[in-house]
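S.K.: Okay, handing you the structure first.
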Amino acid sequence: MAYCYQCGHQNSEDALYCNKCGVSLTSGRSFEDNVREFADNVVKVGKEAGEKAAELGKKVAVEAKAFADEVAKKVAPKPLDCPKCQTKIYETDVFCWKCGDKRG
């Protein structure tokens with residue numbers, strides 16, 4: 001059987017033209033060659049897409065880490081010592097809860 005390189009239709013071995021689309025079966029590339037090239041192109045595009053997705057994933061991870069750090073500061077602020085009485089206060093506190101000293 002001869003496959004048409006243009007449309008992939010199966011023709012008899014002795015056919016000179018595709019009986020579906022009319023293209024010459026004696027010139028040009030074979031259907032199998034076109035399929036191989038198409039498969040190679042799919043692999044190439046897939047690889048490029050994977051590389052771009054990995055690159056984007058790294059950027060998103062960096063931004064997500066920065067965002068998570070900001071949220072952590074607000075949810076669980078860093079503990080500090082009050083400069084006046086040494087009581088544990090938090091970086092988000094404006095005044096010491098024990099002595100009333102104003103931070104900063």
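Each chain in the structure tokens gets a letter, A, B and so on, in the order shown; residues start at 1 in every chain, and ligands are counted from 1 in the order they appear.
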Pick out the residues sitting within 12 Å of region 70-76 of chain A, and hand them over as a PDB file with C-alpha atoms, in the first residue's frame; count only C-alpha atoms, and ignore anything fewer than 4 positions along from it in its own chain.
M.R.:
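Writing done, so here's part30.pdb:
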```
ATOM      1  CA  GLU A  63       7.650  35.465  44.184  1.00  0.00           C
ATOM      2  CA  ALA A  64       5.697  32.980  46.304  1.00  0.00           C
ATOM      3  CA  LYS A  65       8.563  32.810  48.834  1.00  0.00           C
ATOM      4  CA  ALA A  66       8.689  36.608  49.077  1.00  0.00           C
ATOM      5  CA  ILE A  89       7.585  42.226  72.467  1.00  0.00           C
ATOM      6  CA  TYR A  90       7.024  41.862  68.714  1.00  0.00           C
ATOM      7  CA  GLU A  91       8.372  43.874  65.824  1.00  0.00           C
ATOM      8  CA  THR A  92       4.825  44.971  64.998  1.00  0.00           C
ATOM      9  CA  ASP A  93       4.219  46.359  68.497  1.00  0.00           C
TER      10      ASP A  93
END
```
S.K.: Can you tell me, as a ChimeraX atom specification, what residues are no more than 9 Å from region 23-32 of chain A when counting only C-alpha atoms, ignoring any on the same chain fewer than 3 positions away?
M.R.: /A:2-9,15-20,35-37
S.K.: Using the selection just defined, write its residues with C-alpha atoms as a short mmCIF file (atom, residue, chain, number, x, y, z; two decimals), in the first residue's frame.
M.R.:
```cif
data_model
loop_
_atom_site.label_atom_id
_atom_site.label_comp_id
_atom_site.auth_asym_id
_atom_site.auth_seq_id
_atom_site.Cartn_x
_atom_site.Cartn_y
_atom_site.Cartn_z
CA ALA A 2 1.15 3.54 -0.76
CA TYR A 3 0.19 6.34 1.59
CA CYS A 4 -0.34 9.84 0.28
CA TYR A 5 2.21 12.29 1.71
CA GLN A 6 -0.37 15.09 1.45
CA CYS A 7 -3.46 13.63 3.11
CA GLY A 8 -2.33 10.23 4.42
CA HIS A 9 -4.91 8.31 2.40
CA ALA A 15 -1.20 4.24 -7.89
CA LEU A 16 0.54 7.27 -9.39
CA TYR A 17 -1.90 9.77 -7.89
CA CYS A 18 -3.83 9.80 -4.64
CA ASN A 19 -7.42 8.78 -5.29
CA LYS A 20 -8.58 11.07 -2.48
CA VAL A 35 4.82 11.94 10.02
CA ARG A 36 8.43 11.66 11.25
CA GLU A 37 9.01 15.38 10.71
#
```
S.K.: What's around region 82-87 of chain A at 8 Å? Count only C-alpha atoms, leave out sequence neighbours fewer than 4 positions away in its own chain, and write the answer as a list in words.
M.R.: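 So the residues in contact are Cys96, Lys98, Cys99, Asp101 and Arg103 of chain A.
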S.K.: Run DSSP on the backbone and tell me which residues of region 6-92 of chain A come out as strand (DSSP E or B); list them as a list in words.
M.R.: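 Of region 6-92 of chain A, only Gln10, Asn11, Tyr17, Ser24, Pro79, Leu80, Asp81, Lys88, Ile89 and Tyr90 of chain A fall in strand (DSSP E or B).
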S.K.: Just write the chosen residues, C-alpha atoms, as a short mmCIF file (atom, residue, chain, number, x, y, z; two decimals), in the first residue's frame.
M.R.:
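The file below, out-v8.cif, is the result:
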```cif
data_model
loop_
_atom_site.label_atom_id
_atom_site.label_comp_id
_atom_site.auth_asym_id
_atom_site.auth_seq_id
_atom_site.Cartn_x
_atom_site.Cartn_y
_atom_site.Cartn_z
CA GLN A 10 -4.07 4.68 1.67
CA ASN A 11 -3.74 3.98 -2.06
CA TYR A 17 -1.90 9.77 -7.89
CA SER A 24 1.22 12.84 -7.34
CA PRO A 79 10.04 38.73 68.75
CA LEU A 80 12.25 41.51 70.13
CA ASP A 81 13.37 42.70 73.56
CA LYS A 88 9.62 40.15 74.91
CA ILE A 89 7.59 42.23 72.47
CA TYR A 90 7.02 41.86 68.71
#
```
S.K.: Could you please determine the separation between CA of Phe95 (chain A) and CA of Lys78 (chain A) in Å, to one decimal place?
M.R.: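 One can read the CA of Phe95 (chain A) to CA of Lys78 (chain A) distance as 14.8 Å.
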